[in-house]
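Okay, query_37.txt now, which holds compact mmCIF, N, CA and C atoms:
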```txt
# COMPACT_ATOMS: atom_id res chain seq x y z
N MET F 1172 50.12 37.84 17.74
CA MET F 1172 51.25 38.15 16.92
C MET F 1172 50.87 38.00 15.46
N LEU F 1173 51.52 38.72 14.63
CA LEU F 1173 51.30 38.67 13.20
C LEU F 1173 52.30 37.71 12.57
N PRO F 1174 52.04 37.29 11.32
CA PRO F 1174 53.00 36.41 10.66
C PRO F 1174 54.37 37.07 10.60
N ARG F 1175 55.41 36.27 10.78
CA ARG F 1175 56.77 36.82 10.70
C ARG F 1175 57.52 36.16 9.55
N PRO F 1176 58.33 36.92 8.87
CA PRO F 1176 59.06 36.38 7.72
C PRO F 1176 60.05 35.30 8.14
N LEU F 1177 60.16 34.27 7.31
CA LEU F 1177 61.17 33.24 7.49
C LEU F 1177 62.19 33.39 6.37
N ALA F 1178 63.17 32.53 6.35
CA ALA F 1178 64.18 32.57 5.30
C ALA F 1178 63.53 32.41 3.94
N GLY F 1179 63.97 33.12 2.97
CA GLY F 1179 63.44 33.03 1.62
C GLY F 1179 62.15 33.79 1.42
N GLY F 1180 61.75 34.66 2.35
CA GLY F 1180 60.55 35.47 2.21
C GLY F 1180 59.26 34.73 2.53
N VAL F 1181 59.31 33.49 3.01
CA VAL F 1181 58.11 32.73 3.37
C VAL F 1181 57.66 33.18 4.75
N GLU F 1182 56.35 33.34 4.91
CA GLU F 1182 55.83 33.74 6.21
C GLU F 1182 55.21 32.55 6.93
N ARG F 1183 55.34 32.54 8.23
CA ARG F 1183 54.72 31.51 9.06
C ARG F 1183 53.71 32.19 9.98
N ALA F 1184 52.49 31.70 9.96
CA ALA F 1184 51.46 32.30 10.82
C ALA F 1184 51.72 31.89 12.25
N GLN F 1185 51.66 32.86 13.12
CA GLN F 1185 51.76 32.59 14.55
C GLN F 1185 50.40 32.94 15.17
N GLU F 1186 50.32 32.82 16.45
CA GLU F 1186 49.07 33.12 17.12
C GLU F 1186 48.64 34.56 16.86
N ALA F 1187 47.39 34.70 16.46
CA ALA F 1187 46.84 36.04 16.23
C ALA F 1187 46.24 36.54 17.54
N PRO F 1188 46.06 37.83 17.65
CA PRO F 1188 45.40 38.36 18.84
C PRO F 1188 44.02 37.73 19.01
N ALA F 1189 43.57 37.60 20.23
CA ALA F 1189 42.28 36.96 20.52
C ALA F 1189 41.15 37.63 19.75
N GLU F 1190 41.17 38.95 19.64
CA GLU F 1190 40.11 39.66 18.94
C GLU F 1190 40.07 39.26 17.47
N ARG F 1191 41.22 39.14 16.86
CA ARG F 1191 41.28 38.77 15.44
C ARG F 1191 40.77 37.34 15.25
N GLY F 1192 41.20 36.43 16.07
CA GLY F 1192 40.75 35.05 15.98
C GLY F 1192 39.25 34.92 16.20
N GLN F 1193 38.73 35.65 17.15
CA GLN F 1193 37.29 35.60 17.43
C GLN F 1193 36.51 36.14 16.25
N GLY F 1194 37.00 37.17 15.60
CA GLY F 1194 36.32 37.72 14.43
C GLY F 1194 36.26 36.71 13.29
N VAL F 1195 37.33 35.97 13.09
CA VAL F 1195 37.35 34.95 12.05
C VAL F 1195 36.35 33.85 12.38
N LEU F 1196 36.30 33.41 13.63
CA LEU F 1196 35.34 32.39 14.04
C LEU F 1196 33.91 32.89 13.90
N ASP F 1197 33.64 34.12 14.30
CA ASP F 1197 32.30 34.69 14.15
C ASP F 1197 31.87 34.73 12.70
N THR F 1198 32.76 35.14 11.82
CA THR F 1198 32.44 35.21 10.40
C THR F 1198 32.14 33.82 9.85
N ALA F 1199 32.95 32.85 10.20
CA ALA F 1199 32.74 31.48 9.73
C ALA F 1199 31.43 30.92 10.28
N PHE F 1200 31.16 31.17 11.55
CA PHE F 1200 29.92 30.69 12.17
C PHE F 1200 28.70 31.32 11.49
N ARG F 1201 28.76 32.61 11.25
CA ARG F 1201 27.62 33.28 10.60
C ARG F 1201 27.39 32.75 9.19
N ALA F 1202 28.46 32.51 8.46
CA ALA F 1202 28.31 31.97 7.10
C ALA F 1202 27.69 30.58 7.14
N ARG F 1203 28.11 29.75 8.08
CA ARG F 1203 27.56 28.40 8.21
C ARG F 1203 26.10 28.46 8.65
N ALA F 1204 25.78 29.36 9.57
CA ALA F 1204 24.40 29.51 10.04
C ALA F 1204 23.48 29.95 8.90
N ARG F 1205 23.95 30.86 8.06
CA ARG F 1205 23.15 31.30 6.90
C ARG F 1205 22.91 30.14 5.94
N ALA F 1206 23.94 29.36 5.68
CA ALA F 1206 23.81 28.22 4.77
C ALA F 1206 22.82 27.20 5.32
N CYS F 1207 22.87 26.94 6.61
CA CYS F 1207 21.94 26.00 7.23
C CYS F 1207 20.52 26.54 7.18
N ALA F 1208 20.34 27.81 7.43
CA ALA F 1208 19.00 28.41 7.42
C ALA F 1208 18.39 28.34 6.03
N LEU F 1209 19.19 28.52 5.00
CA LEU F 1209 18.67 28.43 3.64
C LEU F 1209 18.27 27.01 3.28
N ALA F 1210 18.92 26.02 3.87
CA ALA F 1210 18.62 24.62 3.58
C ALA F 1210 17.46 24.08 4.43
N LEU F 1211 17.10 24.79 5.47
CA LEU F 1211 16.07 24.33 6.40
C LEU F 1211 14.68 24.46 5.79
N ASP F 1212 13.89 23.41 5.89
CA ASP F 1212 12.50 23.43 5.45
C ASP F 1212 11.64 23.48 6.71
N TRP F 1213 10.75 24.42 6.80
CA TRP F 1213 9.94 24.60 7.99
C TRP F 1213 8.53 25.00 7.62
N VAL F 1214 7.62 24.83 8.56
CA VAL F 1214 6.25 25.31 8.40
C VAL F 1214 5.69 25.58 9.80
N VAL F 1215 4.85 26.57 9.90
CA VAL F 1215 4.15 26.89 11.14
C VAL F 1215 2.66 26.82 10.86
N LEU F 1216 1.96 25.98 11.61
CA LEU F 1216 0.50 25.91 11.52
C LEU F 1216 -0.07 26.47 12.81
N SER F 1217 -1.11 27.25 12.69
CA SER F 1217 -1.80 27.78 13.87
C SER F 1217 -3.27 27.89 13.54
N PRO F 1218 -4.12 27.90 14.56
CA PRO F 1218 -5.54 28.10 14.28
C PRO F 1218 -5.73 29.43 13.57
N ALA F 1219 -6.59 29.45 12.55
CA ALA F 1219 -6.85 30.71 11.84
C ALA F 1219 -7.49 31.72 12.80
N GLY F 1220 -8.23 31.22 13.76
CA GLY F 1220 -8.85 32.09 14.76
C GLY F 1220 -8.50 31.61 16.15
N ASP F 1221 -9.30 30.66 16.66
CA ASP F 1221 -9.09 30.15 18.01
C ASP F 1221 -9.55 28.70 18.07
N PHE F 1222 -9.23 28.03 19.18
CA PHE F 1222 -9.69 26.67 19.37
C PHE F 1222 -11.13 26.65 19.88
N ASP F 1223 -11.86 25.66 19.43
CA ASP F 1223 -13.23 25.41 19.89
C ASP F 1223 -13.15 24.22 20.84
N HIS F 1224 -13.05 24.50 22.14
CA HIS F 1224 -12.88 23.44 23.13
C HIS F 1224 -14.20 22.73 23.44
N GLU F 1225 -15.32 23.29 23.04
CA GLU F 1225 -16.63 22.71 23.35
C GLU F 1225 -17.14 21.82 22.22
N GLY F 1226 -16.70 22.04 21.00
CA GLY F 1226 -17.23 21.33 19.85
C GLY F 1226 -16.65 19.94 19.67
N GLU F 1227 -17.29 19.19 18.81
CA GLU F 1227 -16.84 17.86 18.44
C GLU F 1227 -16.01 17.94 17.16
N PRO F 1228 -14.94 17.16 17.06
CA PRO F 1228 -14.16 17.16 15.81
C PRO F 1228 -15.02 16.75 14.63
N SER F 1229 -14.85 17.46 13.52
CA SER F 1229 -15.63 17.16 12.32
C SER F 1229 -14.88 16.19 11.40
N GLY F 1230 -13.58 16.03 11.66
CA GLY F 1230 -12.78 15.17 10.81
C GLY F 1230 -12.23 15.90 9.60
N GLY F 1231 -12.52 17.17 9.47
CA GLY F 1231 -12.04 17.94 8.33
C GLY F 1231 -11.41 19.25 8.77
N TYR F 1232 -10.68 19.84 7.88
CA TYR F 1232 -10.05 21.13 8.14
C TYR F 1232 -9.76 21.80 6.81
N ALA F 1233 -9.45 23.07 6.87
CA ALA F 1233 -9.09 23.84 5.68
C ALA F 1233 -7.94 24.77 6.05
N LEU F 1234 -7.02 24.97 5.13
CA LEU F 1234 -5.98 25.96 5.33
C LEU F 1234 -6.60 27.31 5.00
N ALA F 1235 -6.41 28.27 5.88
CA ALA F 1235 -7.12 29.54 5.73
C ALA F 1235 -6.30 30.70 6.26
N PRO F 1236 -6.58 31.90 5.76
CA PRO F 1236 -5.93 33.09 6.32
C PRO F 1236 -6.50 33.39 7.70
N ALA F 1237 -5.86 34.28 8.41
CA ALA F 1237 -6.30 34.65 9.75
C ALA F 1237 -7.74 35.18 9.71
N ASP F 1238 -8.54 34.72 10.68
CA ASP F 1238 -9.93 35.15 10.80
C ASP F 1238 -10.31 35.00 12.26
N ALA F 1239 -10.51 36.10 12.96
CA ALA F 1239 -10.78 36.07 14.40
C ALA F 1239 -12.03 35.27 14.74
N ASP F 1240 -12.98 35.16 13.82
CA ASP F 1240 -14.21 34.42 14.10
C ASP F 1240 -14.10 32.92 13.80
N SER F 1241 -13.00 32.49 13.21
CA SER F 1241 -12.81 31.10 12.85
C SER F 1241 -12.54 30.25 14.10
N ARG F 1242 -13.06 29.02 14.11
CA ARG F 1242 -12.83 28.09 15.21
C ARG F 1242 -12.47 26.72 14.65
N ILE F 1243 -11.65 25.99 15.39
CA ILE F 1243 -11.30 24.62 15.03
C ILE F 1243 -11.10 23.84 16.32
N THR F 1244 -11.54 22.59 16.32
CA THR F 1244 -11.36 21.77 17.51
C THR F 1244 -9.90 21.31 17.58
N PRO F 1245 -9.41 21.03 18.78
CA PRO F 1245 -8.04 20.52 18.90
C PRO F 1245 -7.83 19.24 18.08
N GLY F 1246 -8.86 18.37 18.01
CA GLY F 1246 -8.75 17.14 17.23
C GLY F 1246 -8.57 17.40 15.75
N ASP F 1247 -9.35 18.34 15.20
CA ASP F 1247 -9.22 18.67 13.77
C ASP F 1247 -7.87 19.35 13.49
N PHE F 1248 -7.42 20.16 14.43
CA PHE F 1248 -6.12 20.81 14.26
C PHE F 1248 -5.01 19.76 14.27
N ALA F 1249 -5.11 18.79 15.18
CA ALA F 1249 -4.11 17.72 15.24
C ALA F 1249 -4.11 16.92 13.94
N HIS F 1250 -5.29 16.70 13.38
CA HIS F 1250 -5.40 16.00 12.09
C HIS F 1250 -4.62 16.77 11.02
N ALA F 1251 -4.80 18.07 10.96
CA ALA F 1251 -4.09 18.90 9.98
C ALA F 1251 -2.58 18.83 10.20
N LEU F 1252 -2.18 18.91 11.44
CA LEU F 1252 -0.75 18.88 11.78
C LEU F 1252 -0.13 17.54 11.37
N LEU F 1253 -0.79 16.44 11.70
CA LEU F 1253 -0.26 15.13 11.35
C LEU F 1253 -0.25 14.89 9.85
N ASP F 1254 -1.26 15.39 9.15
CA ASP F 1254 -1.26 15.28 7.69
C ASP F 1254 -0.06 16.01 7.09
N GLU F 1255 0.25 17.19 7.61
CA GLU F 1255 1.36 17.98 7.08
C GLU F 1255 2.70 17.32 7.40
N VAL F 1256 2.81 16.71 8.56
CA VAL F 1256 4.05 16.00 8.91
C VAL F 1256 4.21 14.77 8.01
N GLY F 1257 3.12 14.04 7.78
CA GLY F 1257 3.18 12.82 6.98
C GLY F 1257 3.46 13.08 5.51
N VAL F 1258 2.81 14.07 4.94
CA VAL F 1258 2.98 14.42 3.52
C VAL F 1258 3.09 15.94 3.43
N PRO F 1259 4.30 16.47 3.53
CA PRO F 1259 4.46 17.92 3.50
C PRO F 1259 3.98 18.54 2.19
N THR F 1260 3.12 19.55 2.32
CA THR F 1260 2.65 20.30 1.15
C THR F 1260 2.99 21.78 1.27
N LEU F 1261 3.37 22.20 2.45
CA LEU F 1261 3.71 23.59 2.71
C LEU F 1261 5.20 23.69 3.03
N HIS F 1262 5.82 24.75 2.58
CA HIS F 1262 7.26 24.91 2.81
C HIS F 1262 7.57 26.37 3.11
N ARG F 1263 8.33 26.58 4.19
CA ARG F 1263 8.81 27.90 4.58
C ARG F 1263 7.69 28.94 4.63
N THR F 1264 6.63 28.58 5.38
CA THR F 1264 5.48 29.48 5.47
C THR F 1264 4.76 29.30 6.79
N HIS F 1265 3.91 30.23 7.11
CA HIS F 1265 3.01 30.17 8.26
C HIS F 1265 1.59 30.26 7.71
N THR F 1266 0.76 29.32 8.09
CA THR F 1266 -0.61 29.35 7.60
C THR F 1266 -1.58 28.99 8.72
N GLY F 1267 -2.81 29.44 8.55
CA GLY F 1267 -3.84 29.14 9.53
C GLY F 1267 -4.64 27.90 9.13
N VAL F 1268 -5.27 27.31 10.12
CA VAL F 1268 -6.11 26.13 9.89
C VAL F 1268 -7.47 26.41 10.51
N SER F 1269 -8.52 26.15 9.74
CA SER F 1269 -9.89 26.34 10.26
C SER F 1269 -10.69 25.08 10.00
N ALA F 1270 -11.86 24.99 10.64
CA ALA F 1270 -12.75 23.83 10.43
C ALA F 1270 -13.28 23.88 9.00
N ALA F 1271 -13.46 22.71 8.43
CA ALA F 1271 -13.97 22.64 7.05
C ALA F 1271 -15.47 22.86 7.03
```
Rewrite the coordinates I just gave you, this time as structure tokens.
Amino acid sequence: MLPRPLAGGVERAQEAPAERGQGVLDTAFRARARACALALDWVVLSPAGDFDHEGEPSGGYALAPADADSRITPGDFAHALLDEVGVPTLHRTHTGVSAA
């Protein structure tokens, strides 16, 4: 139902059709989701190339662009990941990690 006039020209909102109410909720939800997404700080780390499951960790790593020939041990990759969690230096980006 739509608002109906009361005495003195004042309107009182009554129940709106389900479609109208759902549209209002969808709009509010989308606006809130956009605001949350803009406030979110994120980072994606991935091997610049692939993991070296046979090698020994070197204790070092480098942030690098994608390179199919690049290799990094799981231990060195974990080191990079924990360093970034402990002291964030990257924001809203995806970057590769390679052996130093």
- request: Write out as JSON, numbers by chain all residues of region 1213-1250 of chain F that DSSP puts in helix (DSSP H, G or I) for this structure's backbone.
  value: {"F": [1245, 1246, 1247, 1248, 1249, 1250]}
Output for the residues just chosen: N, CA and C atoms as a PDB file, in the coordinates of the input:
```pdb
ATOM      1  N   PRO F1245      -9.410  21.030  18.780  1.00  0.00           N
ATOM      2  CA  PRO F1245      -8.040  20.520  18.900  1.00  0.00           C
ATOM      3  C   PRO F1245      -7.830  19.240  18.080  1.00  0.00           C
ATOM      4  N   GLY F1246      -8.860  18.370  18.010  1.00  0.00           N
ATOM      5  CA  GLY F1246      -8.750  17.140  17.230  1.00  0.00           C
ATOM      6  C   GLY F1246      -8.570  17.400  15.750  1.00  0.00           C
ATOM      7  N   ASP F1247      -9.350  18.340  15.200  1.00  0.00           N
ATOM      8  CA  ASP F1247      -9.220  18.670  13.770  1.00  0.00           C
ATOM      9  C   ASP F1247      -7.870  19.350  13.490  1.00  0.00           C
ATOM     10  N   PHE F1248      -7.420  20.160  14.430  1.00  0.00           N
ATOM     11  CA  PHE F1248      -6.120  20.810  14.260  1.00  0.00           C
ATOM     12  C   PHE F1248      -5.010  19.760  14.270  1.00  0.00           C
ATOM     13  N   ALA F1249      -5.110  18.790  15.180  1.00  0.00           N
ATOM     14  CA  ALA F1249      -4.110  17.720  15.240  1.00  0.00           C
ATOM     15  C   ALA F1249      -4.110  16.920  13.940  1.00  0.00           C
ATOM     16  N   HIS F1250      -5.290  16.700  13.380  1.00  0.00           N
ATOM     17  CA  HIS F1250      -5.400  16.000  12.090  1.00  0.00           C
ATOM     18  C   HIS F1250      -4.620  16.770  11.020  1.00  0.00           C
TER      19      HIS F1250
END
```
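Across the structure, CA of Leu1252 (chain F) and atom N of Gly1267 (chain F) are spaced 11.2 Å apart.
Compared by their closest atoms to Ala1270 (chain F), and using only N, CA and C atoms, the residues F:Gly1220, F:Glu1225, F:Gly1257, F:Val1214 rank with F:Gly1220 nearest.
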Would you kindly return, as a ChimeraX atom specification, each protein, DNA or RNA residue with an atom no farther than 8 Å from any atom of Pro1236 (chain F), considering all atoms listed in the file and excluding same-chain residues fewer than 5 positions away? /F:1218-1220,1266-1269
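CA of Gly1230 (chain F) to atom C of Asp1247 (chain F) spans 7.0 Å [interatomic distance, one decimal].
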Report as a PyMOL selection string all protein, DNA and RNA residues lying within 7 Å of Arg1263 (chain F), evaluated on only N, CA and C atoms, omitting residues in the same chain fewer than 4 positions from it. chain F and resi 1211-1215
### Query
Separation of CA of Ala1271 (chain F) and atom N of Phe1248 (chain F), in Å?
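So the answer is 10.2 Å.
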Centre and edges of the region 1198-1207 of chain F box, axis-aligned, 5 Å extra per side, as lines of an AutoDock Vina configuration file:
```
center_x = 26.7
center_y = 30.6
center_z = 8.5
size_x = 22.4
size_y = 19.2
size_z = 17.4
```
